[in-house]
Structures are given as structure tokens and as C-alpha cells.
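The file run-v5.cif contains mmCIF, C-alpha atoms:
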data_work
loop_
_atom_site.group_PDB
_atom_site.id
_atom_site.type_symbol
_atom_site.label_atom_id
_atom_site.label_comp_id
_atom_site.auth_asym_id
_atom_site.auth_seq_id
_atom_site.Cartn_x
_atom_site.Cartn_y
_atom_site.Cartn_z
ATOM 1 C CA SER J 1 26.925 -17.369 -14.150
ATOM 2 C CA ARG J 2 27.468 -15.888 -10.719
ATOM 3 C CA ARG J 3 26.806 -12.239 -10.017
ATOM 4 C CA ARG J 4 27.317 -9.917 -7.095
ATOM 5 C CA VAL J 5 26.096 -6.417 -6.425
ATOM 6 C CA SER J 6 28.381 -3.605 -7.514
ATOM 7 C CA ASP J 7 31.111 -2.317 -5.227
ATOM 8 C CA VAL J 8 29.201 0.965 -4.869
ATOM 9 C CA ASP J 9 25.988 -0.760 -3.729
ATOM 10 C CA SER J 10 27.780 -3.123 -1.313
ATOM 11 C CA ARG J 11 29.934 -0.529 0.399
ATOM 12 C CA PRO J 12 29.368 -0.366 4.181
ATOM 13 C CA ASP J 13 28.851 3.431 4.232
ATOM 14 C CA GLN J 14 25.953 3.399 1.750
ATOM 15 C CA ASN J 15 23.098 5.491 3.185
ATOM 16 C CA SER J 16 19.414 4.736 2.907
ATOM 17 C CA GLY J 17 17.661 7.433 0.891
ATOM 18 C CA ALA J 18 15.390 8.302 -2.000
ATOM 19 C CA TYR J 19 16.757 5.594 -4.312
ATOM 20 C CA ILE J 20 18.374 3.142 -1.899
ATOM 21 C CA PHE J 21 16.862 1.199 1.006
ATOM 22 C CA ARG J 22 19.699 0.136 3.278
ATOM 23 C CA PRO J 23 19.317 -0.954 6.930
ATOM 24 C CA THR J 24 22.089 0.006 9.338
ATOM 25 C CA VAL J 25 23.314 -3.598 9.292
ATOM 26 C CA PRO J 26 22.387 -6.219 6.655
ATOM 27 C CA ASN J 27 20.371 -8.436 9.034
ATOM 28 C CA GLN J 28 18.906 -5.643 11.118
ATOM 29 C CA LYS J 29 15.878 -6.720 13.189
ATOM 30 C CA LEU J 30 12.798 -4.584 13.702
ATOM 31 C CA VAL J 31 12.433 -2.490 16.850
ATOM 32 C CA LEU J 32 8.839 -3.171 17.905
ATOM 33 C CA ALA J 33 6.470 -0.393 18.937
ATOM 34 C CA THR J 34 4.993 -0.829 22.416
ATOM 35 C CA PRO J 35 1.157 -0.759 22.722
ATOM 36 C CA LYS J 36 -0.033 1.691 25.383
ATOM 37 C CA SER J 37 -3.820 1.561 25.342
ATOM 38 C CA ALA J 38 -6.732 0.223 23.323
ATOM 39 C CA SER J 39 -10.404 1.112 23.141
ATOM 40 C CA ILE J 40 -13.214 -0.758 21.424
ATOM 41 C CA GLN J 41 -16.263 0.723 19.757
ATOM 42 C CA GLN J 42 -18.923 -1.462 18.215
ATOM 43 C CA ASN J 43 -22.543 -1.692 17.186
ATOM 44 C CA GLU J 44 -24.577 -4.006 14.990
ATOM 45 C CA GLN J 45 -22.784 -2.865 11.826
ATOM 46 C CA PHE J 46 -19.108 -2.617 12.756
ATOM 47 C CA ALA J 47 -16.433 -3.064 15.385
ATOM 48 C CA GLU J 48 -13.379 -0.839 15.766
ATOM 49 C CA ILE J 49 -10.269 -1.190 17.920
ATOM 50 C CA GLN J 50 -8.246 2.003 18.406
ATOM 51 C CA THR J 51 -4.702 1.458 19.640
ATOM 52 C CA THR J 52 -2.146 3.986 20.847
ATOM 53 C CA PHE J 53 1.519 3.250 21.466
ATOM 54 C CA GLU J 54 4.262 4.445 23.774
ATOM 55 C CA GLU J 55 5.615 6.014 20.616
ATOM 56 C CA SER J 56 2.996 8.787 20.548
ATOM 57 C CA TRP J 57 3.527 9.408 16.832
ATOM 58 C CA ILE J 58 2.083 5.971 15.938
ATOM 59 C CA LYS J 59 -1.654 5.203 16.009
ATOM 60 C CA GLN J 60 -3.629 2.274 14.639
ATOM 61 C CA VAL J 61 -7.307 1.513 14.056
ATOM 62 C CA VAL J 62 -8.504 -2.009 13.223
ATOM 63 C CA ARG J 63 -11.967 -1.961 11.649
ATOM 64 C CA LEU J 64 -14.369 -4.815 10.895
ATOM 65 C CA VAL J 65 -17.601 -4.178 8.984
ATOM 66 C CA LYS J 66 -20.582 -6.519 8.993
ATOM 67 C CA ASP J 67 -20.791 -8.859 5.981
ATOM 68 C CA LYS J 68 -17.412 -7.705 4.610
ATOM 69 C CA PRO J 69 -14.783 -10.426 4.019
ATOM 70 C CA TYR J 70 -11.826 -8.306 5.108
ATOM 71 C CA VAL J 71 -10.251 -6.389 7.976
ATOM 72 C CA ASP J 72 -9.105 -2.803 7.420
ATOM 73 C CA VAL J 73 -6.074 -1.611 9.396
ATOM 74 C CA GLU J 74 -5.746 2.177 9.333
ATOM 75 C CA PHE J 75 -2.418 3.633 10.466
ATOM 76 C CA THR J 76 -1.380 7.194 11.272
ATOM 77 C CA ILE J 77 2.355 7.784 11.555
ATOM 78 C CA GLY J 78 4.343 10.940 12.172
ATOM 79 C CA PRO J 79 6.026 13.191 12.666
ATOM 80 C CA ILE J 80 8.852 10.638 12.911
ATOM 81 C CA PRO J 81 11.207 11.950 15.636
ATOM 82 C CA ILE J 82 14.788 12.720 14.654
ATOM 83 C CA ALA J 83 16.056 14.506 17.780
ATOM 84 C CA ASP J 84 18.362 11.543 18.375
ATOM 85 C CA GLY J 85 20.051 12.208 15.040
ATOM 86 C CA ILE J 86 18.935 8.858 13.603
ATOM 87 C CA GLY J 87 16.744 8.409 10.534
ATOM 88 C CA LYS J 88 13.959 5.829 10.716
ATOM 89 C CA GLU J 89 12.003 3.617 8.318
ATOM 90 C CA ILE J 90 8.646 2.385 9.626
ATOM 91 C CA VAL J 91 7.414 -1.105 8.784
ATOM 92 C CA THR J 92 4.153 -2.926 9.515
ATOM 93 C CA ARG J 93 4.522 -6.718 9.808
ATOM 94 C CA TRP J 94 2.020 -9.570 10.064
ATOM 95 C CA ASP J 95 3.095 -12.982 11.333
ATOM 96 C CA THR J 96 0.878 -15.992 10.616
ATOM 97 C CA SER J 97 0.984 -19.779 10.816
ATOM 98 C CA ILE J 98 0.891 -20.053 7.011
ATOM 99 C CA SER J 99 3.774 -22.248 5.827
ATOM 100 C CA SER J 100 4.757 -20.099 2.867
ATOM 101 C CA GLY J 101 8.428 -21.027 3.027
ATOM 102 C CA ASP J 102 10.550 -18.667 0.955
ATOM 103 C CA LEU J 103 7.786 -17.820 -1.562
ATOM 104 C CA PHE J 104 5.542 -14.771 -1.750
ATOM 105 C CA TYR J 105 3.799 -12.817 -4.505
ATOM 106 C CA THR J 106 3.627 -9.130 -5.380
ATOM 107 C CA ASP J 107 1.703 -7.398 -8.139
ATOM 108 C CA SER J 108 3.319 -5.838 -11.201
ATOM 109 C CA ASN J 109 1.688 -2.437 -11.578
ATOM 110 C CA ALA J 110 -1.607 -3.874 -10.279
ATOM 111 C CA ARG J 111 -1.796 -6.381 -13.136
ATOM 112 C CA LYS J 112 0.095 -9.669 -13.120
ATOM 113 C CA PHE J 113 1.203 -11.167 -9.809
ATOM 114 C CA MET J 114 4.896 -11.993 -9.745
ATOM 115 C CA LYS J 115 6.260 -14.998 -7.884
ATOM 116 C CA ARG J 116 9.075 -13.972 -5.538
ATOM 117 C CA LYS J 117 11.533 -16.345 -3.914
ATOM 118 C CA ARG J 118 13.545 -15.023 -1.007
ATOM 119 C CA SER J 119 17.285 -14.622 -1.648
ATOM 120 C CA TYR J 120 16.968 -15.932 -5.186
ATOM 121 C CA ARG J 121 17.144 -14.595 -8.733
ATOM 122 C CA PRO J 122 15.735 -16.741 -11.552
ATOM 123 C CA THR J 123 18.368 -15.833 -14.163
ATOM 124 C CA TRP J 124 21.608 -15.919 -12.185
ATOM 125 C CA GLU J 125 23.176 -17.336 -9.034
ATOM 126 C CA LEU J 126 22.884 -14.637 -6.394
ATOM 127 C CA GLU J 127 25.708 -13.746 -4.034
ATOM 128 C CA GLU J 128 23.747 -11.923 -1.358
ATOM 129 C CA PHE J 129 24.992 -9.058 0.794
ATOM 130 C CA GLU J 130 21.713 -7.404 1.830
ATOM 131 C CA PRO J 131 19.180 -10.061 2.941
ATOM 132 C CA VAL J 132 16.624 -7.431 3.994
ATOM 133 C CA ALA J 133 16.896 -4.744 1.334
ATOM 134 C CA GLY J 134 17.642 -7.298 -1.390
ATOM 135 C CA ASN J 135 14.305 -9.018 -0.819
ATOM 136 C CA TYR J 136 12.070 -5.951 -0.892
ATOM 137 C CA TYR J 137 9.864 -5.472 -3.961
ATOM 138 C CA PRO J 138 7.426 -2.778 -5.132
ATOM 139 C CA VAL J 139 3.840 -3.372 -4.010
ATOM 140 C CA ASN J 140 1.448 -1.216 -6.021
ATOM 141 C CA ALA J 141 -1.771 -3.045 -5.180
ATOM 142 C CA GLY J 142 -1.198 -6.180 -3.125
ATOM 143 C CA ILE J 143 1.052 -8.864 -1.689
ATOM 144 C CA TYR J 144 0.101 -12.376 -0.589
ATOM 145 C CA ILE J 145 1.363 -15.647 0.876
ATOM 146 C CA GLU J 146 -0.265 -19.077 0.769
ATOM 147 C CA ASP J 147 0.134 -22.763 1.504
ATOM 148 C CA ASP J 148 -1.926 -25.948 1.169
ATOM 149 C CA ALA J 149 -4.163 -24.930 4.091
ATOM 150 C CA ALA J 150 -4.708 -21.159 3.954
ATOM 151 C CA SER J 151 -3.913 -17.867 2.224
ATOM 152 C CA MET J 152 -3.453 -14.251 3.284
ATOM 153 C CA ALA J 153 -3.557 -11.223 0.984
ATOM 154 C CA ILE J 154 -2.818 -7.622 1.979
ATOM 155 C CA LEU J 155 -3.928 -4.737 -0.232
ATOM 156 C CA VAL J 156 -2.444 -1.241 -0.104
ATOM 157 C CA ASP J 157 -3.935 2.152 -0.903
ATOM 158 C CA ARG J 158 -0.648 3.498 -2.301
ATOM 159 C CA SER J 159 2.616 2.066 -3.602
ATOM 160 C CA GLU J 160 4.834 0.654 -0.844
ATOM 161 C CA GLY J 161 7.820 -1.634 -0.511
ATOM 162 C CA GLY J 162 7.100 -5.108 0.786
ATOM 163 C CA SER J 163 8.546 -8.538 1.454
ATOM 164 C CA SER J 164 8.251 -11.831 3.277
ATOM 165 C CA LEU J 165 11.512 -12.234 5.172
ATOM 166 C CA GLU J 166 10.341 -15.303 7.085
ATOM 167 C CA SER J 167 7.887 -18.083 6.371
ATOM 168 C CA GLY J 168 4.340 -16.951 7.203
ATOM 169 C CA SER J 169 5.355 -13.308 7.555
ATOM 170 C CA VAL J 170 4.545 -10.258 5.429
ATOM 171 C CA GLU J 171 5.850 -6.744 5.963
ATOM 172 C CA LEU J 172 5.247 -3.402 4.271
ATOM 173 C CA MET J 173 7.195 -0.170 4.653
ATOM 174 C CA VAL J 174 4.752 2.653 5.347
ATOM 175 C CA HIS J 175 6.871 5.726 6.172
ATOM 176 C CA ARG J 176 10.482 6.916 6.018
ATOM 177 C CA ARG J 177 12.494 9.844 7.326
ATOM 178 C CA THR J 178 16.231 9.830 6.723
ATOM 179 C CA LEU J 179 18.958 12.315 7.577
ATOM 180 C CA ALA J 180 21.623 11.500 4.983
ATOM 181 C CA ASP J 181 21.663 11.580 1.191
ATOM 182 C CA ASP J 182 22.084 8.247 -0.608
ATOM 183 C CA ALA J 183 24.350 9.827 -3.286
ATOM 184 C CA ARG J 184 22.074 8.930 -6.182
ATOM 185 C CA GLY J 185 21.445 12.415 -7.529
ATOM 186 C CA VAL J 186 18.756 13.973 -5.338
ATOM 187 C CA GLY J 187 21.304 15.721 -3.142
ATOM 188 C CA GLU J 188 19.202 15.660 0.040
ATOM 189 C CA PRO J 189 17.794 13.140 2.528
ATOM 190 C CA ILE J 190 14.133 12.072 2.748
ATOM 191 C CA ASN J 191 13.279 14.608 5.417
ATOM 192 C CA GLU J 192 9.977 16.000 4.218
ATOM 193 C CA THR J 193 8.354 18.611 6.457
ATOM 194 C CA ASP J 194 4.922 20.195 6.623
ATOM 195 C CA ILE J 195 6.048 23.755 5.824
ATOM 196 C CA GLY J 196 8.709 23.161 3.197
ATOM 197 C CA MET J 197 12.239 24.471 2.910
ATOM 198 C CA THR J 198 14.287 27.543 2.220
ATOM 199 C CA PRO J 199 15.737 28.137 -1.282
ATOM 200 C CA TYR J 200 18.680 26.140 -2.526
ATOM 201 C CA PRO J 201 22.177 27.674 -2.803
ATOM 202 C CA PRO J 202 23.230 30.245 -3.791
ATOM 203 C CA TYR J 203 19.954 31.846 -2.653
ATOM 204 C CA GLY J 204 19.592 29.910 0.589
ATOM 205 C CA ARG J 205 20.780 26.927 2.612
ATOM 206 C CA ALA J 206 18.014 24.482 1.647
ATOM 207 C CA LYS J 207 16.927 24.186 5.266
ATOM 208 C CA ARG J 208 13.796 22.200 6.122
ATOM 209 C CA LEU J 209 11.033 24.103 7.914
ATOM 210 C CA GLY J 210 8.332 22.765 10.211
ATOM 211 C CA ASP J 211 7.681 19.296 11.558
ATOM 212 C CA GLY J 212 7.988 16.004 9.748
ATOM 213 C CA ILE J 213 4.957 15.019 7.720
ATOM 214 C CA VAL J 214 2.163 12.813 9.069
ATOM 215 C CA ILE J 215 0.805 10.065 6.834
ATOM 216 C CA LYS J 216 -2.405 8.076 7.092
ATOM 217 C CA GLY J 217 -3.113 4.920 5.121
ATOM 218 C CA VAL J 218 -5.029 1.653 5.085
ATOM 219 C CA HIS J 219 -4.066 -1.987 4.659
ATOM 220 C CA ARG J 220 -6.896 -4.358 3.773
ATOM 221 C CA ILE J 221 -6.303 -7.912 4.994
ATOM 222 C CA LEU J 222 -8.086 -10.987 3.639
ATOM 223 C CA PHE J 223 -7.804 -14.626 4.672
ATOM 224 C CA GLY J 224 -9.034 -17.541 2.599
ATOM 225 C CA LYS J 225 -8.733 -21.140 1.582
ATOM 226 C CA ARG J 226 -5.582 -22.906 0.456
ATOM 227 C CA ASN J 227 -3.541 -21.541 -2.443
ATOM 228 C CA ALA J 228 -6.065 -18.756 -3.084
ATOM 229 C CA GLY J 229 -3.939 -15.663 -2.469
ATOM 230 C CA ALA J 230 -4.357 -14.226 -5.960
ATOM 231 C CA SER J 231 -8.110 -14.753 -5.926
ATOM 232 C CA LEU J 232 -8.370 -13.032 -2.535
ATOM 233 C CA ALA J 233 -6.362 -10.032 -3.671
ATOM 234 C CA ARG J 234 -8.172 -9.643 -6.991
ATOM 235 C CA SER J 235 -11.566 -9.691 -5.295
ATOM 236 C CA GLN J 236 -10.867 -6.363 -3.554
ATOM 237 C CA MET J 237 -8.094 -4.682 -5.556
ATOM 238 C CA ASP J 238 -10.349 -2.502 -7.706
ATOM 239 C CA GLU J 239 -12.517 -1.442 -4.780
ATOM 240 C CA MET J 240 -9.385 -0.562 -2.816
ATOM 241 C CA PHE J 241 -7.885 1.426 -5.705
ATOM 242 C CA SER J 242 -11.093 3.208 -6.755
ATOM 243 C CA SER J 243 -12.984 3.649 -3.518
ATOM 244 C CA PRO J 244 -16.113 5.839 -3.693
ATOM 245 C CA LEU J 245 -15.699 9.551 -3.021
ATOM 246 C CA VAL J 246 -18.380 10.850 -0.668
ATOM 247 C CA PHE J 247 -19.403 14.508 -0.855
ATOM 248 C CA ALA J 248 -21.794 16.457 1.343
ATOM 249 C CA SER J 249 -23.330 19.873 0.854
ATOM 250 C CA SER J 250 -25.768 22.123 2.659
ATOM 251 C CA GLU J 251 -26.887 23.672 -0.637
ATOM 252 C CA PRO J 252 -29.872 22.331 -2.618
ATOM 253 C CA VAL J 253 -29.184 20.322 -5.758
ATOM 254 C CA ASP J 254 -29.471 22.702 -8.692
ATOM 255 C CA PHE J 255 -30.680 20.397 -11.442
ATOM 256 C CA SER J 256 -33.671 18.377 -12.506
ATOM 257 C CA LEU J 257 -34.511 15.784 -15.124
ATOM 258 C CA ASP J 258 -38.013 17.223 -15.391
ATOM 259 C CA ASN J 259 -38.625 20.307 -17.571
ATOM 260 C CA ASP J 260 -41.741 21.131 -15.584
ATOM 261 C CA ASP J 261 -40.612 23.623 -12.949
ATOM 262 C CA ASP J 262 -43.734 22.935 -10.879
ATOM 263 C CA ASN J 263 -42.654 19.311 -10.520
ATOM 264 C CA ASN J 264 -39.012 20.117 -9.808
ATOM 265 C CA ASN J 265 -38.018 18.267 -6.653
ATOM 266 C CA ASN J 266 -34.410 19.002 -5.672
ATOM 267 C CA ASP J 267 -34.538 16.524 -2.793
ATOM 268 C CA LYS J 268 -35.022 13.424 -4.924
ATOM 269 C CA VAL J 269 -32.225 11.003 -5.721
ATOM 270 C CA VAL J 270 -31.275 11.250 -9.395
ATOM 271 C CA HIS J 271 -29.434 8.465 -11.178
ATOM 272 C CA SER J 272 -29.301 6.758 -14.549
ATOM 273 C CA SER J 273 -27.567 3.757 -16.086
ATOM 274 C CA ALA J 274 -26.935 2.471 -19.577
ATOM 275 C CA LEU J 275 -26.998 -1.095 -18.246
ATOM 276 C CA LEU J 276 -30.082 -3.253 -17.975
ATOM 277 C CA SER J 277 -28.389 -5.170 -15.154
ATOM 278 C CA SER J 278 -25.169 -5.018 -13.161
ATOM 279 C CA LEU J 279 -21.929 -6.264 -14.660
ATOM 280 C CA PRO J 280 -20.752 -9.676 -13.435
ATOM 281 C CA LYS J 281 -18.544 -9.452 -10.357
ATOM 282 C CA ASN J 282 -15.512 -10.599 -12.337
ATOM 283 C CA VAL J 283 -15.870 -7.882 -15.012
ATOM 284 C CA MET J 284 -14.651 -4.362 -14.356
ATOM 285 C CA LEU J 285 -15.103 -1.114 -16.261
ATOM 286 C CA ILE J 286 -11.682 0.140 -17.365
ATOM 287 C CA THR J 287 -12.571 3.035 -19.681
ATOM 288 C CA LEU J 288 -15.747 4.929 -20.566
ATOM 289 C CA ALA J 289 -14.788 8.002 -22.549
ATOM 290 C CA LYS J 290 -16.254 10.146 -25.301
ATOM 291 C CA ILE J 291 -13.638 10.353 -28.044
ATOM 292 C CA GLU J 292 -15.776 11.975 -30.762
ATOM 293 C CA SER J 293 -19.180 13.611 -30.850
ATOM 294 C CA ASP J 294 -20.832 10.337 -31.811
ATOM 295 C CA THR J 295 -18.269 7.817 -30.510
ATOM 296 C CA ILE J 296 -17.761 6.430 -27.029
ATOM 297 C CA LEU J 297 -14.812 4.221 -26.069
ATOM 298 C CA LEU J 298 -15.807 1.379 -23.749
ATOM 299 C CA ARG J 299 -13.188 -0.993 -22.343
ATOM 300 C CA LEU J 300 -14.014 -3.891 -20.050
ATOM 301 C CA GLY J 301 -11.532 -6.151 -18.302
ATOM 302 C CA HIS J 302 -11.645 -9.519 -16.594
ATOM 303 C CA GLN J 303 -10.787 -9.024 -12.944
ATOM 304 C CA TYR J 304 -8.798 -12.243 -12.682
ATOM 305 C CA ALA J 305 -5.830 -13.576 -14.599
ATOM 306 C CA GLU J 306 -5.748 -17.121 -15.947
ATOM 307 C CA GLY J 307 -6.007 -19.681 -13.146
ATOM 308 C CA GLU J 308 -6.819 -17.115 -10.451
ATOM 309 C CA ASP J 309 -10.577 -17.615 -10.176
ATOM 310 C CA ASP J 310 -12.777 -20.649 -9.625
#

As C-alpha cells, please, write out the structure in this file.
Amino acid sequence: SRRRVSDVDSRPDQNSGAYIFRPTVPNQKLVLATPKSASIQQNEQFAEIQTTFEESWIKQVVRLVKDKPYVDVEFTIGPIPIADGIGKEIVTRWDTSISSGDLFYTDSNARKFMKRKRSYRPTWELEEFEPVAGNYYPVNAGIYIEDDAASMAILVDRSEGGSSLESGSVELMVHRRTLADDARGVGEPINETDIGMTPYPPYGRAKRLGDGIVIKGVHRILFGKRNAGASLARSQMDEMFSSPLVFASSEPVDFSLDNDDDNNNNDKVVHSSALLSSLPKNVMLITLAKIESDTILLRLGHQYAEGEDD
């Protein structure tokens, strides 16, 4: 069978908004940000490149840490300017020499990786009207491309839309600010501000207050051997999703494992473990919960799906 998008979705006046991603024209090309300056900081443990752009609301930090197999790219974006009356959707793109063709892979809710083929649907013959928007997919944990020589995986710290619109290329949408409603029920554009908004009618005019929001996020990039994209992504997905939370306090620690007050040392490091040794690197702790007074629920999971590890 042959299918086409509905008349509502293919209409030329369809706005991009909360439920719809729609470039101004179907094959719209990216407008590239212009680098302005870069500074490098490094020592024996890390190297960091801080880049500013002519667009002062975009900043980027590339960070490499000793003995880590990845590169972290931290981005700070906003407030997105709208004085020109035009909404904007901000995309980060990586171009490589990987011959991925029209194939790329995105995760399904951080579990199974789904094979994506550009401008193709596996269960019907696609009549395509939106070659950009129609090839974007949810990326909850990671996206990767690969060929018979190399692989690249990119992990995200929040859900984003992503695609590979050209061979060897991966892009992720990191921020949006629109000025028109997409007519899907929300009744307002994606114009979030840092103060909020006035009440809705009949009590107010639903006017946005303050500046557009500023977002900060991280993409973790890994490169590896041929046809190893899934293995690369899996190796860091859990660490990316559940990164350690670091707390600091000027107050003394108010507990002790020793009942002898004379031997109470609040400066010592206190820790305990129910394990005699560490879990294997491919095994992750999914659940450790007390469900009854004498019952604990323990769930372990294999970090890799079938065929994804060596």
C-alpha cells in the first residue's frame, strides 16, 4: 500500500510548536553559528576548550578527561532572541567520514536500539513531504551511526529529537522557542520565559513575562571500531543517566557507626556494602527496594542486548 501524510499535516501553513516540528521549508538548511573566540585550559588530568560565538546566547565547552574513552560537549543556549519576530529551533550537528548511508539507530526508551532508515517506513511505501521533520526520532538516551571501519555514538542527558539527514552526520535538537501555536490543543507557542506569564482569559491576557529560558546540557561522544555503535552507547548510558550527585557541607557529619562516644570521629569516611566484590561491568543494579519488613527486592539487568557486546 502507499500512504501519504494527512492533509492537515502537509498543509503549507502548519506551524512548528509543542506537538509538531516543521521547518519553514521542507528542505530547510541549518544556519550555522559563527565562532568568535576560544580558550584552552588543561593540566595533567583534563583539557577543556571554551568557545563563544557571535551569537552571544550560545556557548560551548568541550571537555576531555584523562583515561576516559569519551568527549563531553557542554552547551549553554539562551535566551533565544525573538526581536526579529521569528521563532528558532537550535540544533547541534556532527559531521564525520563514517559511511553510514541512510541508516542510523536511536534508543527506544533507553532500552532497545531501533534501526532507522532515512525517508523509509518498513510497513508501507512512504510518499514524503517533510524530509527533515519526517526523519526526526525521539532520542531518550543515545543515537549512533556506524560502518565497516568505525562507529560514533552520542549520548544525551535528557530526551531530545535527533536524526541523520546525511551519511556520516548526526544532529540533535537542543532548544526551541516558537512564536505561533501549532493548533494541536495547547493554545500557545513554545515561548517559555524565566518569570512566567499572566493569568489566562478571562482573568488576564496570558502574556509571557521575563526573558526566554536558558538551558544547559551535555552530549557525550564516543568513537570506536567498526559496527560497534550499540556497544559504545551501552558502555556509558547508565553512567550518563545516573551520574553521581556531589554534595558539600561546612557542618560536621552527625553520625557514627561506633557506639563509643569517645571514639566518635566525624571526619572519617563511612561506607558499607553488601557485596564481597564489585558487580561485573556488564551488570547493572536496576532496583534495590525494601518492600516488606523482612523482604528486599533486588533486580539486576544485563547492560547489553543480544549481539551488542563482545

Inset, instruction - Skip Ile143 (chain J) itself and residues of its chain fewer than 3 positions away, then list as a ChimeraX atom specification all residues within 12 Å of it, counting all atoms listed in the file. - result: /J:94,103-110,112-116,136-140,146,151-156,159-164,169-172,219-222,229-234,237

Inset, instruction - Kindly give the distance, in Å, that separates CA of Asp67 (chain J) and CA of Asp95 (chain J), rounded to a single decimal. - result: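 We find that CA of Asp67 (chain J) and CA of Asp95 (chain J) lie 24.8 Å from each other.
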
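For region 202-216 of chain J, the set of protein, DNA and RNA residues having any atom at most 10 Å away, when counting only C-alpha atoms and skipping those fewer than 3 positions along the same chain, is Trp57, Ile58, Lys59, Gln60, Glu74, Phe75, Thr76, Ile77, Gly78, Pro79, Ile80, Pro81, Ile82, Val174, His175, Arg176, Arg177, Glu188, Asn191, Glu192, Thr193, Asp194, Ile195, Gly196, Met197, Thr198 and Pro199 of chain J.
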
Within 6 Å of Ser167 (chain J), counting all atoms listed in the file, which residues qualify if same-chain residues fewer than 2 places away don't, as a PDB file with C-alpha atoms, keeping the file's coordinate frame?
ATOM      1  CA  SER J  99       3.774 -22.248   5.827  1.00  0.00           C
ATOM      2  CA  SER J 100       4.757 -20.099   2.867  1.00  0.00           C
ATOM      3  CA  GLY J 101       8.428 -21.027   3.027  1.00  0.00           C
ATOM      4  CA  SER J 169       5.355 -13.308   7.555  1.00  0.00           C
TER       5      SER J 169
END

Inset, instruction - Please identify all polymer residues within 8 Å of Arg63 (chain J), counting all atoms listed in the file, omitting same-chain residues fewer than 6 positions from it, and present them as a ChimeraX atom specification. - result: /J:46-49,71-74

Legend entry - Pairwise distance for CA of Val25 (chain J) and CA of Glu166 (chain J), rounded to one decimal in Å: 17.6 Å

Inset, instruction - Would you write out, as a PyMOL selection string, every residue that the PyMOL selection byres ((chain J and resi 276-293) around 12) captures in this file? - result: chain J and resi 231+234-239+242+272-275+294-305+308-310

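CA of Pro35 (chain J) is positioned 15.4 Å from CA of Ile90 (chain J).
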
Inset, instruction - Take the point (22.6, -6.9, 5.4) in the file's coordinates, draw a sphere of radius 9 Å around it, and report as a PyMOL selection string every protein, DNA or RNA residue with an atom inside or on it, counting all atoms listed in the file. - result: chain J and resi 22-28+128-134

Inset, instruction - For the point (20.6, 9.8, -3.2) in the file's frame, write as a list in words all residues with an atom no more than 10 Å away, counting only C-alpha atoms. - result: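 Here the neighbourhood of the point contains Gln14, Asn15, Ser16, Gly17, Ala18, Tyr19, Ile20, Ala180, Asp181, Asp182, Ala183, Arg184, Gly185, Val186, Gly187, Glu188, Pro189 and Ile190 of chain J.
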
What are the centre and the three edge lengths of an axis-aligned box that wraps all atoms of region 189-207 of chain J in the file, given that 6 Å is added to every side, written as JSON and rounded to one decimal in Å?
{"center_x": 14.1, "center_y": 22.0, "center_z": 1.4, "size_x": 30.3, "size_y": 31.8, "size_z": 22.4}

Residues in the PyMOL selection byres ((chain J and resi 41) around 12), expressed as an mmCIF file with C-alpha atoms, in the frame of the given file:
data_model
loop_
_atom_site.group_PDB
_atom_site.id
_atom_site.type_symbol
_atom_site.label_atom_id
_atom_site.label_comp_id
_atom_site.auth_asym_id
_atom_site.auth_seq_id
_atom_site.Cartn_x
_atom_site.Cartn_y
_atom_site.Cartn_z
ATOM 1 C CA ALA J 38 -6.732 0.223 23.323
ATOM 2 C CA SER J 39 -10.404 1.112 23.141
ATOM 3 C CA ILE J 40 -13.214 -0.758 21.424
ATOM 4 C CA GLN J 42 -18.923 -1.462 18.215
ATOM 5 C CA ASN J 43 -22.543 -1.692 17.186
ATOM 6 C CA GLU J 44 -24.577 -4.006 14.990
ATOM 7 C CA GLN J 45 -22.784 -2.865 11.826
ATOM 8 C CA PHE J 46 -19.108 -2.617 12.756
ATOM 9 C CA ALA J 47 -16.433 -3.064 15.385
ATOM 10 C CA GLU J 48 -13.379 -0.839 15.766
ATOM 11 C CA ILE J 49 -10.269 -1.190 17.920
ATOM 12 C CA GLN J 50 -8.246 2.003 18.406
ATOM 13 C CA THR J 51 -4.702 1.458 19.640
ATOM 14 C CA VAL J 61 -7.307 1.513 14.056
ATOM 15 C CA VAL J 62 -8.504 -2.009 13.223
ATOM 16 C CA ARG J 63 -11.967 -1.961 11.649
ATOM 17 C CA LEU J 64 -14.369 -4.815 10.895
ATOM 18 C CA VAL J 65 -17.601 -4.178 8.984
#

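The nearest approach to Gly168 (chain J) among the residues J:Ala150, J:Phe53, J:Leu30, J:Pro201, with all atoms listed in the file taken into account, belongs to J:Ala150.
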